[in-house]
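Peer 1: My structure file run.csv, CSV, C-alpha atoms, is below:
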```
chain,number,residue,atom,x,y,z
A,1,MET,CA,29.1,-11.2,-35.5
A,2,PRO,CA,30.0,-9.2,-32.3
A,3,SER,CA,29.4,-10.9,-29.0
A,4,VAL,CA,26.5,-9.9,-26.7
A,5,SER,CA,28.9,-8.3,-24.2
A,6,ILE,CA,30.5,-6.2,-26.9
A,7,ARG,CA,27.1,-5.1,-28.3
A,8,ARG,CA,25.9,-4.2,-24.8
A,9,ARG,CA,29.1,-2.3,-24.1
A,10,TRP,CA,28.6,-0.2,-27.2
A,11,GLN,CA,25.0,0.4,-26.2
A,12,ARG,CA,26.2,1.7,-22.8
A,13,ILE,CA,28.6,4.0,-24.5
A,14,ARG,CA,25.8,5.3,-26.8
A,15,GLU,CA,23.5,5.8,-23.9
A,16,TRP,CA,26.2,7.5,-21.8
A,17,THR,CA,27.1,9.8,-24.7
A,18,LEU,CA,23.4,10.7,-25.3
A,19,TYR,CA,23.1,11.5,-21.6
A,20,GLN,CA,26.1,13.9,-21.7
A,21,VAL,CA,24.9,15.6,-24.9
A,22,PHE,CA,21.4,16.2,-23.4
A,23,PHE,CA,22.8,17.9,-20.3
A,24,PRO,CA,21.5,21.4,-21.1
A,25,ILE,CA,18.1,20.1,-22.1
A,26,ARG,CA,18.0,18.0,-19.0
A,27,LEU,CA,18.6,21.1,-16.9
A,28,VAL,CA,15.7,22.9,-18.5
A,29,PHE,CA,13.5,19.7,-18.2
A,30,ASN,CA,14.3,19.4,-14.4
A,31,LEU,CA,13.5,23.1,-13.8
A,32,TRP,CA,10.2,22.8,-15.6
A,33,MET,CA,9.2,19.6,-13.9
A,34,ARG,CA,10.2,21.0,-10.5
A,35,HIS,CA,8.1,24.1,-11.2
A,36,LYS,CA,5.1,22.0,-12.2
A,37,ASN,CA,5.7,19.4,-9.5
A,38,TYR,CA,5.6,16.6,-12.0
A,39,VAL,CA,7.6,13.4,-12.4
A,40,LEU,CA,8.0,11.2,-15.5
A,41,ILE,CA,8.0,7.5,-14.7
A,42,TYR,CA,8.4,4.9,-17.4
A,43,CYS,CA,8.7,1.2,-18.1
A,44,THR,CA,9.0,0.0,-21.7
A,45,ILE,CA,10.7,-3.4,-21.5
A,46,GLY,CA,9.6,-7.0,-20.9
A,47,ASP,CA,6.2,-8.5,-20.9
A,48,GLY,CA,5.4,-8.3,-17.2
A,49,ILE,CA,2.2,-6.5,-16.3
A,50,GLY,CA,3.4,-6.4,-12.7
A,51,ASP,CA,6.4,-4.3,-13.7
A,52,ALA,CA,4.1,-1.8,-15.4
A,53,LEU,CA,1.8,-1.7,-12.3
A,54,ALA,CA,4.8,-0.8,-10.2
A,55,LEU,CA,4.8,2.6,-11.8
A,56,SER,CA,1.7,3.4,-9.8
A,57,THR,CA,3.6,2.3,-6.6
A,58,LEU,CA,6.5,4.6,-7.4
A,59,LEU,CA,4.1,7.5,-8.2
A,60,ARG,CA,2.2,6.9,-5.0
A,61,SER,CA,5.4,7.1,-2.9
A,62,LEU,CA,6.6,10.2,-4.8
A,63,HIS,CA,3.2,11.9,-4.3
A,64,GLU,CA,3.4,11.2,-0.6
A,65,GLN,CA,7.0,12.6,-0.5
A,66,ARG,CA,6.6,15.6,-2.8
A,67,GLY,CA,2.9,16.0,-3.5
A,68,CYS,CA,3.8,15.6,-7.2
A,69,LYS,CA,1.7,14.1,-10.1
A,70,GLY,CA,3.0,11.9,-12.8
A,71,ILE,CA,3.5,11.4,-16.5
A,72,ILE,CA,3.3,7.6,-17.1
A,73,PHE,CA,4.8,6.0,-20.2
A,74,SER,CA,4.1,2.2,-20.2
A,75,MET,CA,3.0,-0.8,-22.3
A,76,VAL,CA,-0.1,-1.2,-20.2
A,77,PRO,CA,-1.9,2.2,-19.9
A,78,GLN,CA,-5.1,0.5,-18.8
A,79,LEU,CA,-3.6,0.2,-15.3
A,80,PHE,CA,-3.5,3.9,-14.8
A,81,VAL,CA,-7.0,4.9,-16.1
A,82,ASN,CA,-8.8,7.1,-13.5
A,83,ASN,CA,-5.7,7.5,-11.4
A,84,PRO,CA,-6.0,11.1,-10.1
A,85,LYS,CA,-2.2,11.3,-9.7
A,86,VAL,CA,-1.6,10.7,-13.4
A,87,ILE,CA,-1.7,13.8,-15.6
A,88,HIS,CA,-0.6,12.1,-18.8
A,89,ASN,CA,-1.0,8.3,-19.5
A,90,ILE,CA,1.0,7.4,-22.6
A,91,GLY,CA,0.7,3.9,-24.0
A,92,TYR,CA,3.8,2.5,-25.7
A,93,HIS,CA,1.8,0.5,-28.3
A,94,GLU,CA,-0.5,3.4,-29.1
A,95,LEU,CA,2.4,5.4,-30.6
A,96,SER,CA,4.0,5.0,-34.0
A,97,SER,CA,7.3,3.2,-34.1
A,98,LEU,CA,9.2,6.4,-34.6
A,99,SER,CA,7.3,8.3,-31.9
A,100,ARG,CA,7.9,5.7,-29.2
A,101,SER,CA,11.6,5.3,-30.2
A,102,LEU,CA,12.1,9.1,-29.9
A,103,LEU,CA,10.2,9.2,-26.6
A,104,LYS,CA,12.2,6.3,-25.2
A,105,SER,CA,15.4,8.1,-26.1
A,106,PHE,CA,14.2,11.3,-24.5
A,107,CYS,CA,13.2,9.5,-21.3
A,108,ARG,CA,16.6,7.7,-21.2
A,109,ALA,CA,18.4,11.1,-21.5
A,110,MET,CA,16.2,12.8,-18.9
A,111,ARG,CA,16.8,10.3,-16.0
A,112,GLY,CA,17.4,12.0,-12.7
A,113,PRO,CA,15.1,13.3,-9.9
A,114,TYR,CA,12.3,14.0,-12.3
A,115,ALA,CA,12.6,11.0,-14.7
A,116,VAL,CA,12.5,7.5,-13.2
A,117,CYS,CA,13.0,4.3,-15.1
A,118,PHE,CA,11.5,1.1,-13.7
A,119,GLY,CA,13.5,-1.9,-15.1
A,120,GLY,CA,16.6,-0.1,-15.9
A,121,GLU,CA,18.4,0.8,-19.1
A,122,VAL,CA,21.6,-0.8,-20.5
A,123,TRP,CA,23.6,2.0,-19.0
A,124,THR,CA,22.8,2.8,-15.4
A,125,LEU,CA,23.3,6.2,-13.9
A,126,GLY,CA,26.5,6.5,-11.9
A,127,THR,CA,28.3,3.6,-13.6
A,128,SER,CA,31.1,3.7,-16.1
A,129,PRO,CA,30.0,3.3,-19.8
A,130,LEU,CA,32.8,0.7,-20.1
A,131,SER,CA,31.5,-1.4,-17.2
A,132,LEU,CA,30.2,-4.9,-17.8
A,133,TRP,CA,27.8,-4.6,-14.8
A,134,GLU,CA,24.3,-6.0,-15.4
A,135,LEU,CA,21.2,-5.4,-13.3
A,136,ASP,CA,21.0,-9.1,-12.4
A,137,ASP,CA,24.5,-8.9,-10.9
A,138,SER,CA,23.0,-7.1,-7.8
A,139,ARG,CA,20.7,-10.1,-6.9
A,140,GLY,CA,21.6,-11.7,-3.6
A,141,PRO,CA,20.7,-11.7,0.1
A,142,GLY,CA,18.3,-8.9,1.0
A,143,TRP,CA,17.1,-8.6,-2.6
A,144,MET,CA,13.9,-6.5,-2.9
A,145,TRP,CA,12.1,-6.6,-6.2
A,146,LEU,CA,10.8,-3.0,-6.1
A,147,THR,CA,14.1,-1.3,-5.3
A,148,HIS,CA,16.1,-3.8,-7.5
A,149,MET,CA,14.2,-2.6,-10.5
A,150,VAL,CA,15.1,1.0,-10.0
A,151,PRO,CA,18.9,0.7,-10.4
A,152,ASP,CA,19.4,4.4,-11.0
A,153,LYS,CA,18.7,5.0,-7.3
A,154,ASN,CA,17.2,8.3,-8.1
A,155,ILE,CA,14.2,8.0,-5.8
A,156,ALA,CA,13.7,6.9,-2.2
A,157,ILE,CA,11.1,4.2,-1.7
A,158,ASP,CA,10.4,1.8,1.2
A,159,PRO,CA,9.3,-1.6,-0.2
A,160,SER,CA,7.9,-2.6,3.2
A,161,THR,CA,5.2,0.0,3.1
A,162,SER,CA,4.7,0.8,-0.6
A,163,ARG,CA,1.8,-0.6,-2.6
A,164,PRO,CA,0.2,0.1,-6.0
A,165,GLU,CA,-3.0,1.9,-6.7
A,166,ILE,CA,-5.9,1.1,-9.0
A,167,PHE,CA,-8.9,3.2,-9.6
A,168,PHE,CA,-12.4,2.6,-11.1
A,169,SER,CA,-14.9,5.1,-12.4
A,170,GLU,CA,-18.5,4.9,-11.2
A,171,GLU,CA,-19.5,3.9,-14.8
A,172,GLU,CA,-17.0,1.0,-14.7
A,173,ARG,CA,-18.3,-0.2,-11.3
A,174,LEU,CA,-21.8,-0.1,-12.6
A,175,ASP,CA,-21.0,-2.0,-15.8
A,176,PHE,CA,-18.8,-4.6,-14.1
A,177,SER,CA,-21.4,-5.2,-11.3
A,178,LYS,CA,-24.0,-5.9,-14.0
A,179,LYS,CA,-21.7,-8.2,-16.0
A,180,PHE,CA,-20.8,-10.3,-12.9
A,181,LYS,CA,-24.1,-10.1,-11.0
A,182,ALA,CA,-24.6,-13.8,-11.3
A,183,LEU,CA,-21.5,-14.5,-9.2
A,184,SER,CA,-22.3,-15.3,-5.6
A,185,GLU,CA,-20.3,-13.6,-2.9
A,186,PRO,CA,-18.0,-14.3,-1.2
A,187,PHE,CA,-15.9,-15.7,-4.0
A,188,ALA,CA,-12.2,-16.5,-4.4
A,189,LEU,CA,-10.1,-15.7,-7.4
A,190,LEU,CA,-7.7,-18.2,-8.9
A,191,LYS,CA,-4.7,-17.5,-11.2
A,192,ALA,CA,-3.3,-21.0,-11.6
A,193,THR,CA,-0.3,-20.4,-14.0
A,194,VAL,CA,1.8,-17.5,-15.2
A,195,GLY,CA,0.1,-17.7,-18.5
A,196,VAL,CA,0.9,-18.9,-22.0
A,197,ASN,CA,4.0,-18.3,-24.1
A,198,ARG,CA,6.0,-16.9,-21.1
A,199,HIS,CA,9.8,-17.0,-20.8
A,200,GLY,CA,11.7,-19.7,-18.9
A,201,ALA,CA,12.1,-17.9,-15.5
A,202,ALA,CA,8.4,-17.0,-15.5
A,203,ASN,CA,7.4,-20.6,-16.1
A,204,LEU,CA,9.5,-21.7,-13.1
A,205,LYS,CA,7.1,-19.8,-10.9
A,206,ASN,CA,4.3,-22.2,-11.7
A,207,TRP,CA,3.1,-24.6,-9.0
A,208,SER,CA,1.5,-28.0,-9.8
A,209,THR,CA,-1.9,-27.5,-11.4
A,210,ASP,CA,-2.9,-31.0,-10.1
A,211,LYS,CA,-2.2,-29.8,-6.6
A,212,ILE,CA,-4.1,-26.6,-7.2
A,213,GLY,CA,-7.0,-28.7,-8.4
A,214,ALA,CA,-6.8,-30.7,-5.2
A,215,VAL,CA,-7.0,-27.5,-3.1
A,216,ILE,CA,-10.0,-26.3,-5.0
A,217,LYS,CA,-11.8,-29.6,-4.6
A,218,GLU,CA,-11.2,-29.6,-0.9
A,219,THR,CA,-12.6,-26.1,-0.4
A,220,PRO,CA,-16.1,-26.2,-1.9
A,221,GLN,CA,-17.4,-23.8,0.7
A,222,ILE,CA,-16.4,-20.9,-1.5
A,223,GLN,CA,-17.0,-20.2,-5.2
A,224,TRP,CA,-13.7,-20.3,-7.1
A,225,ILE,CA,-13.3,-18.1,-10.2
A,226,GLN,CA,-10.4,-18.8,-12.5
A,227,VAL,CA,-9.0,-15.9,-14.5
A,228,GLY,CA,-6.2,-15.7,-17.0
A,229,GLN,CA,-5.5,-16.2,-20.7
A,230,ALA,CA,-7.2,-18.6,-23.0
A,231,GLY,CA,-5.0,-21.7,-23.3
A,232,GLU,CA,-4.1,-21.9,-19.6
A,233,VAL,CA,-4.9,-25.1,-17.8
A,234,ALA,CA,-8.5,-25.0,-16.6
A,235,ILE,CA,-8.9,-26.2,-13.0
A,236,PRO,CA,-11.9,-28.5,-12.3
A,237,GLY,CA,-14.3,-27.0,-9.7
A,238,ALA,CA,-13.5,-23.4,-10.6
A,239,LEU,CA,-15.7,-21.2,-12.8
A,240,ASN,CA,-13.7,-20.9,-16.0
A,241,LEU,CA,-13.3,-17.3,-17.1
A,242,LEU,CA,-10.0,-17.9,-19.0
A,243,GLY,CA,-9.8,-15.5,-21.9
A,244,GLN,CA,-13.2,-14.1,-21.1
A,245,THR,CA,-12.3,-10.9,-19.2
A,246,THR,CA,-10.5,-7.7,-19.9
A,247,LEU,CA,-7.7,-6.5,-17.7
A,248,ARG,CA,-9.9,-4.0,-16.0
A,249,GLU,CA,-12.6,-6.6,-15.3
A,250,VAL,CA,-10.1,-8.9,-13.7
A,251,LEU,CA,-9.0,-6.1,-11.5
A,252,TYR,CA,-12.6,-5.4,-10.5
A,253,LEU,CA,-13.1,-9.1,-9.6
A,254,LEU,CA,-9.9,-8.9,-7.6
A,255,SER,CA,-11.2,-5.9,-5.7
A,256,LYS,CA,-14.3,-7.9,-4.7
A,257,ALA,CA,-12.7,-11.2,-4.0
A,258,LYS,CA,-12.4,-12.6,-0.5
A,259,ILE,CA,-9.1,-14.4,-1.3
A,260,LEU,CA,-6.7,-14.6,-4.2
A,261,LEU,CA,-4.8,-17.9,-4.8
A,262,SER,CA,-2.1,-17.3,-7.4
A,263,VAL,CA,1.3,-18.1,-8.5
A,264,GLU,CA,3.6,-15.1,-8.1
A,265,GLY,CA,2.9,-12.5,-10.7
A,266,PHE,CA,0.8,-9.4,-11.7
A,267,LEU,CA,-2.3,-10.2,-9.6
A,268,THR,CA,-0.3,-10.9,-6.5
A,269,HIS,CA,1.0,-7.3,-6.8
A,270,ALA,CA,-2.4,-5.9,-7.8
A,271,SER,CA,-4.0,-7.6,-4.7
A,272,ALA,CA,-2.0,-5.2,-2.5
A,273,ALA,CA,-3.9,-2.2,-4.0
A,274,PHE,CA,-7.1,-3.6,-2.5
A,275,GLY,CA,-5.8,-5.4,0.5
A,276,THR,CA,-7.2,-8.7,-0.8
A,277,PRO,CA,-5.6,-11.6,1.1
A,278,CYS,CA,-3.2,-13.3,-1.3
A,279,ILE,CA,-1.9,-16.8,-1.0
A,280,VAL,CA,1.1,-17.5,-3.1
A,281,PRO,CA,2.9,-20.9,-3.4
A,282,PHE,CA,6.4,-19.6,-3.9
A,283,THR,CA,8.8,-21.7,-5.9
A,284,GLY,CA,12.5,-20.9,-5.7
A,285,VAL,CA,13.3,-19.0,-8.9
A,286,HIS,CA,13.2,-15.7,-6.9
A,287,GLU,CA,13.8,-14.7,-3.3
A,288,PRO,CA,10.2,-14.7,-1.8
A,289,GLN,CA,10.9,-12.1,0.9
A,290,GLY,CA,11.6,-9.5,-1.8
A,291,LEU,CA,8.1,-9.9,-3.2
A,292,LEU,CA,5.9,-9.7,-0.2
A,293,TYR,CA,3.2,-7.2,0.8
A,294,SER,CA,1.3,-6.9,4.0
A,295,ASN,CA,-1.6,-8.9,2.5
A,296,THR,CA,0.6,-11.7,1.1
A,297,ILE,CA,0.6,-15.1,2.7
A,298,ALA,CA,3.6,-16.9,1.4
A,299,VAL,CA,3.6,-20.7,1.2
A,300,LEU,CA,7.1,-22.0,0.9
A,301,PRO,CA,8.6,-25.4,0.2
A,302,ASP,CA,9.2,-27.6,3.2
A,303,PRO,CA,12.0,-28.3,3.4
A,304,ILE,CA,13.5,-25.4,1.5
A,305,PRO,CA,16.1,-26.7,-0.9
A,306,SER,CA,19.6,-25.4,-0.8
A,307,CYS,CA,19.3,-24.2,-4.5
A,308,MET,CA,16.6,-21.7,-3.6
A,309,PRO,CA,16.6,-19.0,-4.9
A,310,CYS,CA,18.3,-20.0,-8.2
A,311,TRP,CA,17.5,-16.9,-10.4
A,312,LYS,CA,17.7,-19.3,-13.5
A,313,GLN,CA,15.8,-19.6,-16.7
A,314,VAL,CA,15.7,-23.4,-16.5
A,315,CYS,CA,15.7,-25.6,-13.4
A,316,THR,CA,18.8,-27.8,-13.2
A,317,THR,CA,17.9,-29.7,-10.0
A,318,ALA,CA,16.3,-33.1,-10.4
A,319,GLY,CA,12.6,-33.1,-9.4
A,320,MET,CA,12.5,-29.3,-8.9
A,321,PRO,CA,12.2,-29.6,-5.1
A,322,CYS,CA,11.3,-26.0,-4.6
A,323,GLN,CA,8.0,-26.8,-6.5
A,324,ALA,CA,7.5,-30.4,-5.3
A,325,ASN,CA,8.0,-29.5,-1.6
A,326,ILE,CA,5.0,-27.1,-1.5
A,327,SER,CA,2.2,-29.2,-0.1
A,328,THR,CA,-1.5,-28.9,-0.7
A,329,LYS,CA,-2.0,-29.2,3.0
A,330,ALA,CA,0.0,-26.0,3.7
A,331,VAL,CA,-2.0,-24.1,1.0
A,332,LYS,CA,-5.3,-25.4,2.3
A,333,SER,CA,-4.4,-24.5,5.9
A,334,ALA,CA,-3.7,-20.9,4.8
A,335,LEU,CA,-7.0,-20.8,2.9
A,336,ASN,CA,-9.0,-22.1,5.8
A,337,GLU,CA,-7.5,-19.6,8.2
A,338,ILE,CA,-8.7,-16.8,6.0
A,339,LEU,CA,-12.1,-18.4,5.4
A,340,MET,CA,-12.7,-18.7,9.1
A,341,GLN,CA,-12.1,-15.0,9.7
```
For the file at hand, write its structure as structure tokens.
Peer 2:
Amino acid sequence: MPSVSIRRRWQRIREWTLYQVFFPIRLVFNLWMRHKNYVLIYCTIGDGIGDALALSTLLRSLHEQRGCKGIIFSMVPQLFVNNPKVIHNIGYHELSSLSRSLLKSFCRAMRGPYAVCFGGEVWTLGTSPLSLWELDDSRGPGWMWLTHMVPDKNIAIDPSTSRPEIFFSEEERLDFSKKFKALSEPFALLKATVGVNRHGAANLKNWSTDKIGAVIKETPQIQWIQVGQAGEVAIPGALNLLGQTTLREVLYLLSKAKILLSVEGFLTHASAAFGTPCIVPFTGVHEPQGLLYSNTIAVLPDPIPSCMPCWKQVCTTAGMPCQANISTKAVKSALNEILMQ
């Protein structure tokens, strides 16, 4: 059986060849997209909802730069409902296997100023098809998640000022307000873990649920609402809505929350759309500075271990100090500062 590196090299060669063959079609595509002032943005890999949400961040930036509107192709089309900048919202799982395979190939071959891939392909624009370069090879000092995930470098985006967008219809607002009318405001939203059945690197972002429970217990002055998947650890003292809300309902609750306390993930990105103060206990699997928005309050381990960030799938340091060194006192202090405002 061929090694992974050999298979990936052949995949690069196939993608590069497809890209060259489609050159005439890409010229026509670019002319048409420029005439219509459209951009195609897609993300069809992985299980991260935060990655899909980033498509709205890219579209917002491109709209500000060019005034363009977007065709979105993603695994989570619910994120782009009611977005006035989106002209076509294509759901990956809503297509047949053949249709989405053909559309993925078309998107891959159209990459350039009017077709942007978030998350990258096996072959990256501007690189040799014989190269062994991987996207993760570019991680290091100064790493920024948003620009890192657009390796084709075919758009200009400023991570320090960019943020996603989420829109609700008036009908949604009315329905959601009725469903959650029993909730007393102000309330705080809690996402205690990255979820169930996640991959290794995602699980390394989890903080201690016991420590989260201690923080909740020591801040009874605000109603805590825990959201997430059924099967996640329920935190005592928080209203348990695990597995009881749709994605759109969670986003609505986030838009109304006074605070979000969450491990790094989808909701920490989504909070930037509403400016909701977001407290994140950052463990060391990633570089925290590359994942911050203006509304993010990062709580880091103290002291910061030398192995942070590790970029690994499994922790190899005894005791996982990047997690253990985040204190409940530091998180509670950040919470109290927001609550007193």
Peer 1: Measuring atom to atom with all atoms listed in the file, identify which of A:Ile166, A:Leu59, A:Met33, A:Val314 is nearest to Phe80 (chain A).
Peer 2: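 For Phe80 (chain A), the nearest of the candidates is A:Ile166.
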Peer 1: Take CA of Arg198 (chain A) and CA of Gln226 (chain A) and report the distance between them in Å, one decimal.
Peer 2: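 Separation between CA of Arg198 (chain A) and CA of Gln226 (chain A): 18.6 Å.
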Peer 1: Excluding Cys107 (chain A) and residues on its chain fewer than 5 positions from it, collect all residues at most 8 Å away from it, counting only C-alpha atoms, and give them as number ranges by chain.
Peer 2: A: 40, 42, 115
Peer 1: Could you tell me how far CA of Thr193 (chain A) lies from CA of Ser169 (chain A), in Å and to one decimal?
Peer 2: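 Computing the Euclidean distance for CA of Thr193 (chain A) and CA of Ser169 (chain A) yields 29.4 Å.
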Peer 1: From the set A:Cys322, A:Leu189, A:Leu18, A:Val39, which residue has the shortest atom-to-atom contact distance to Trp123 (chain A), counting all atoms listed in the file?
Peer 2: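 Comparing A:Cys322, A:Leu189, A:Leu18, A:Val39 against Trp123 (chain A), the winner is A:Leu18.
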Peer 1: Of the candidates A:Trp133, A:Ile6, A:Arg248, A:Gly120, which shows the shortest atom-to-atom distance to Val76 (chain A), using all atoms listed in the file?
Peer 2: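 Counting all atoms listed in the file, the residue closest to Val76 (chain A) is A:Arg248.
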Peer 1: Within 10 Å of region 209-222 of chain A, counting all atoms listed in the file, which residues show up once you throw out same-chain ones fewer than 5 positions away? Write them as an NGL selection string, please.
Peer 2: :A and (184-188 or 190-193 or 233-238 or 258-259 or 261-262 or 281 or 324 or 326-333 or 335-336 or 339)
Peer 1: Which residues are close to Leu130 (chain A), i.e. within 10 Å by all atoms listed in the file, leaving aside same-chain residues fewer than 4 positions away? Reply as an NGL selection string.
Peer 2: :A and (6 or 8-13 or 16 or 123)
Peer 1: CA of Arg100 (chain A) to CA of Asn82 (chain A): how many Å, to one decimal?
Peer 2: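 Value for the CA of Arg100 (chain A)-CA of Asn82 (chain A) distance: 23.0 Å.
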Peer 1: I'd like the contact shell of Ile155 (chain A) - 8 Å cut-off, all atoms listed in the file, skipping same-chain residues fewer than 5 positions apart - returned as a list of chain:residue names.
Peer 2: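 The contact residues come out as A:Leu62, A:Pro113, A:Val116.
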Peer 1: Which is closest to Gln244 (chain A) among A:Lys179, A:Lys256, A:His148, A:His286, if we use only C-alpha atoms?
Peer 2: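 Selected residue with least distance to Gln244 (chain A): A:Lys179.
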Peer 1: At a cut-off of 10 Å, using only C-alpha atoms, what residues contact Leu204 (chain A)? Leave out same-chain residues fewer than 3 positions from it and give the result as a list in words.
Peer 2: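 The residues satisfying every condition are Thr193, Val194, Arg198, His199, Gly200, Ala201, Trp207, Phe282, Thr283, Gly284, Val285, His286, Trp311, Lys312, Gln313, Val314, Cys315, Met320, Cys322 and Gln323 of chain A.
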Peer 1: Of the candidates A:Asn30, A:Ser294, A:Ser271, A:Ser61, which one gets nearest to Ala156 (chain A) if we count all atoms listed in the file?
Peer 2: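 Checking each candidate against Ala156 (chain A), we get A:Ser61 as the closest.
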